[in-house]
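Asks: First, the structure itself, so that you have it in front of you.
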Amino acid sequence: MTSYAETHPLQRTWWSRYRHSLWLLTTRDLKVRYSTSALGYVWSVLDPLVMAGIYWFVFTQVFDRTVGEQPYIVFLLSALLPWMWFNGAVSDSTRAFLKDAKLVRSTMIPRTIWVNRIVLSKGIEFVLALPVLALFAVVFQAGVSWELALFPLAMLLQAVLTAGVALIVAPLVVFFRDLERAVKLVLRFLFYATPIIYGATDLPDGMQFWAAFNPLTGIFGLYRSGFFPEQLSWFEVGVAAAMSALLLAIGLWVFRVSERQVLKEI
C-alpha cells in the first residue's frame, strides 16, 4: 500500500519548502528583534507584565473591583498574554509587504509567508511568555483544573483567527494606507470590547450572547478555563471556531484576488 507522500510528491515538496521558508523568515525576524535589543527576551514579557501590573493596581488598590476572579493577576495575564499575540500580529501585518517590498517582489516563495511569519513569530513570543503566567499561578496559588489541557486548542483557534485577520489587513493596507491607523484604532477599541480586564460572565445576560460573536471571547475563555473553569462556554468556543475558520477563508480569498495588484503597488 503506497503512502500519500509517495503518490503526491509535488504536494509534499511544496509543503516542505513552504514550512522551511516560513520558519527561516520567522527565526530571522526573531533574531533581528532580539539582537538589536539589550534586554532581548525580557521584552517579550515586560510589556504584558507592565500592563497587567497597571490594571491589577487600578482594580485592586484604587477601585473596588467587581469583575474578574481571584487571583486577579492570573486572571488578567491568562487573557492579556494572548491579546498581545493577536494585537501585535495584526498591527505588524499592516507593514507586512511595505516593510520588505523588494524581497516580496523578487522572491518566488508564496506571498502568504510574509504575513504568516508575523503570526508565527508573535505566537512564539507568546509561548516564551507563558512561564511568567505559570510563575504567577504558583506564587498566588491559583487552582488548576483539567481544562488546562484545552490550552493547545485555544492556541490553534487563535492562530487560525489571527492569520485570517492578518491576511485580510495586509493586502488592503497597500491600497488604502490610512487603514494602518484605522486598524490601530479598531484594536484599541477591541481591547475593551473583549473580556480581558473582565470576564464574559461579568457581562449582563443579553450582552453575553452578543459578546460570543467576538471570536476572542471564546478563545480567551479557553485559556482561562484551566485556572477558572466557570469562564468556559462551549457556545462561545463553537462560535469562535466557526468565525475563525470563516475569517481564514475570507483572508485567503482576499489575498488571492489582490496578490497581483499588491505586487504592482509596492
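Labeling convention for the C-alpha cells: chains A, B, ... as they appear, residues from 1 per chain, ligands from 1 in order of appearance.
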Give me the residues of region 118-182 of chain A that have any atom at most 12 Å from an atom of region 52-60 of chain A; for each, the nearest atom pair and the distance in Å, rounded to one decimal. Use only C-alpha atoms, sort by chain and number, and format it as a Markdown table.

Replies:
```
| residue | atom | partner | partner_atom | distance |
| --- | --- | --- | --- | --- |
| A:Val132 | CA | A:Ala52 | CA | 11.7 |
| A:Leu133 | CA | A:Ala52 | CA | 11.0 |
| A:Phe136 | CA | A:Ala52 | CA | 11.5 |
```

Asks: Output the selection as a PDB file, in the first residue's frame - C-alpha atoms for each residue.

Replies:
```pdb
ATOM      1  CA  VAL A 132       5.542  34.084  33.581  1.00  0.00           C
ATOM      2  CA  LEU A 133       1.875  33.057  33.735  1.00  0.00           C
ATOM      3  CA  PHE A 136       2.239  33.869  38.954  1.00  0.00           C
TER       4      PHE A 136
END
```

Asks: Find the residues near region 192-202 of chain A: any atom within 6 Å, counting only C-alpha atoms, skip ones fewer than 5 places away on the same chain, and give them as a list in words.

Replies: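 These residues fall inside the cut-off: Val67, Gly68, Leu76 and Ala79 of chain A.
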
Asks: Just the number, please: distance in Å from CA of Thr217 (chain A) to CA of Ala96 (chain A), one decimal.

Replies: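 Here the two named atoms are 26.4 Å from each other.
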
Asks: Which one is closest to Leu135 (chain A): A:Val115, A:Val74, A:Leu161, A:Ala89? Count only C-alpha atoms.

Replies: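 The answer is A:Val74, which sits nearest to Leu135 (chain A).
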
Asks: Quick one: pull the distance between CA of Thr162 (chain A) and CA of Phe86 (chain A), Å, one decimal.

Replies: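 It comes out at 6.0 Å.
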
Asks: Closest to Asn214 (chain A) among A:Trp15, A:Phe140, A:Phe191, A:Phe151, using only C-alpha atoms?

Replies: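 Nearest candidate to Asn214 (chain A) out of A:Trp15, A:Phe140, A:Phe191, A:Phe151: A:Phe191.
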
Asks: Find the residues around region 238-247 of chain A up to 9 Å (only C-alpha atoms counted), leave out those fewer than 3 positions away in its own chain, and share them as a short mmCIF file (atom, residue, chain, number, x, y, z; two decimals) with N, CA and C atoms, in the first residue's frame.

Replies:
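Output contents, as saved in selection-v2.cif:
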```
data_model
loop_
_atom_site.label_atom_id
_atom_site.label_comp_id
_atom_site.auth_asym_id
_atom_site.auth_seq_id
_atom_site.Cartn_x
_atom_site.Cartn_y
_atom_site.Cartn_z
N LEU A 157 -6.96 27.77 17.65
CA LEU A 157 -8.02 28.67 17.21
C LEU A 157 -7.50 30.09 17.03
N GLN A 158 -6.66 30.53 17.95
CA GLN A 158 -6.14 31.89 17.84
C GLN A 158 -5.21 32.03 16.64
N ALA A 159 -4.42 31.02 16.36
CA ALA A 159 -3.54 31.08 15.19
C ALA A 159 -4.36 31.19 13.90
N VAL A 160 -5.45 30.42 13.82
CA VAL A 160 -6.32 30.47 12.64
C VAL A 160 -6.97 31.85 12.51
N LEU A 161 -7.51 32.34 13.63
CA LEU A 161 -8.16 33.65 13.63
C LEU A 161 -7.18 34.76 13.26
N THR A 162 -6.03 34.76 13.90
CA THR A 162 -5.04 35.82 13.68
C THR A 162 -4.54 35.81 12.24
N ALA A 163 -4.28 34.61 11.71
CA ALA A 163 -3.83 34.52 10.32
C ALA A 163 -4.90 35.03 9.37
N GLY A 164 -6.16 34.69 9.63
CA GLY A 164 -7.25 35.15 8.78
C GLY A 164 -7.36 36.66 8.76
N VAL A 165 -7.35 37.29 9.94
CA VAL A 165 -7.44 38.75 10.01
C VAL A 165 -6.24 39.40 9.36
N ILE A 168 -6.32 39.48 5.62
CA ILE A 168 -7.26 40.49 5.11
C ILE A 168 -6.63 41.87 5.17
N ALA A 212 -20.32 36.76 22.47
CA ALA A 212 -19.82 35.49 21.93
C ALA A 212 -19.42 35.62 20.46
N PHE A 213 -19.98 36.61 19.76
CA PHE A 213 -19.67 36.78 18.34
C PHE A 213 -18.38 37.57 18.12
N ASN A 214 -17.75 37.94 19.20
CA ASN A 214 -16.34 38.35 19.15
C ASN A 214 -15.55 37.06 19.38
N PRO A 215 -14.90 36.53 18.34
CA PRO A 215 -14.25 35.20 18.49
C PRO A 215 -13.21 35.14 19.59
N LEU A 216 -12.64 36.29 19.96
CA LEU A 216 -11.66 36.29 21.03
C LEU A 216 -12.29 35.94 22.38
N THR A 217 -13.59 36.16 22.51
CA THR A 217 -14.27 35.84 23.76
C THR A 217 -14.17 34.35 24.07
N GLY A 218 -14.53 33.52 23.11
CA GLY A 218 -14.46 32.08 23.32
C GLY A 218 -13.03 31.58 23.46
N ILE A 219 -12.11 32.17 22.70
CA ILE A 219 -10.71 31.75 22.76
C ILE A 219 -10.10 32.08 24.11
N SER A 233 -17.23 28.49 28.09
CA SER A 233 -18.56 28.35 27.49
C SER A 233 -18.38 27.70 26.13
N TRP A 234 -18.91 26.49 25.97
CA TRP A 234 -18.75 25.79 24.70
C TRP A 234 -19.49 26.47 23.56
N PHE A 235 -20.55 27.21 23.89
CA PHE A 235 -21.22 28.00 22.85
C PHE A 235 -20.27 29.06 22.31
N ILE A 250 -12.00 33.88 4.23
CA ILE A 250 -12.11 35.21 3.63
C ILE A 250 -10.72 35.80 3.40
N GLY A 251 -9.83 35.62 4.39
CA GLY A 251 -8.49 36.15 4.26
C GLY A 251 -7.74 35.54 3.08
N LEU A 252 -7.85 34.23 2.91
CA LEU A 252 -7.18 33.57 1.78
C LEU A 252 -7.77 34.04 0.44
#
```

Asks: If you measure from CA of Val173 (chain A) to CA of Pro48 (chain A), what distance in Å do you get, rounded to one decimal?

Replies: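 Separation of CA of Val173 (chain A) and CA of Pro48 (chain A): 26.9 Å.
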
Asks: Tell me which protein, DNA and RNA residues are within 9 Å of Trp146 (chain A), counting only C-alpha atoms, leaving out same-chain ones fewer than 4 positions away, and put them as a VMD selection string.

Replies: chain A and resid 150 225 to 226 229

Asks: Find the residues around Pro171 (chain A) up to 7 Å (only C-alpha atoms counted), leave out those fewer than 3 positions away in its own chain, and share them as a PDB file with C-alpha atoms, in the first residue's frame.

Replies:
```
ATOM      1  CA  ILE A 168      -7.260  40.493   5.108  1.00  0.00           C
ATOM      2  CA  VAL A 174      -1.248  48.505   0.358  1.00  0.00           C
ATOM      3  CA  PHE A 255      -5.211  37.608  -0.573  1.00  0.00           C
ATOM      4  CA  SER A 258      -5.455  41.028  -4.666  1.00  0.00           C
ATOM      5  CA  VAL A 262      -0.354  44.258  -4.496  1.00  0.00           C
TER       6      VAL A 262
END
```

Asks: Give me, as a ChimeraX atom specification, all polymer residues having an atom no more than 9 Å from Asp29 (chain A), counting only C-alpha atoms and skipping those fewer than 5 positions away in the same chain.

Replies: /A:24,34,117-118,121

Asks: Nearest to Val127 (chain A) among A:Gly88, A:Pro82, A:Gly206, A:Pro110, with distances taken over only C-alpha atoms: which residue is it?

Replies: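 Residue with the minimum atom-to-atom distance to Val127 (chain A): A:Pro82.
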
Asks: So that I can see what lies close to Gly143 (chain A), please list as a PyMOL selection string the residues with an atom at most 9 Å from it, counting only C-alpha atoms and leaving out residues fewer than 5 positions away in the same chain.

Replies: chain A and resi 137-138+226-228
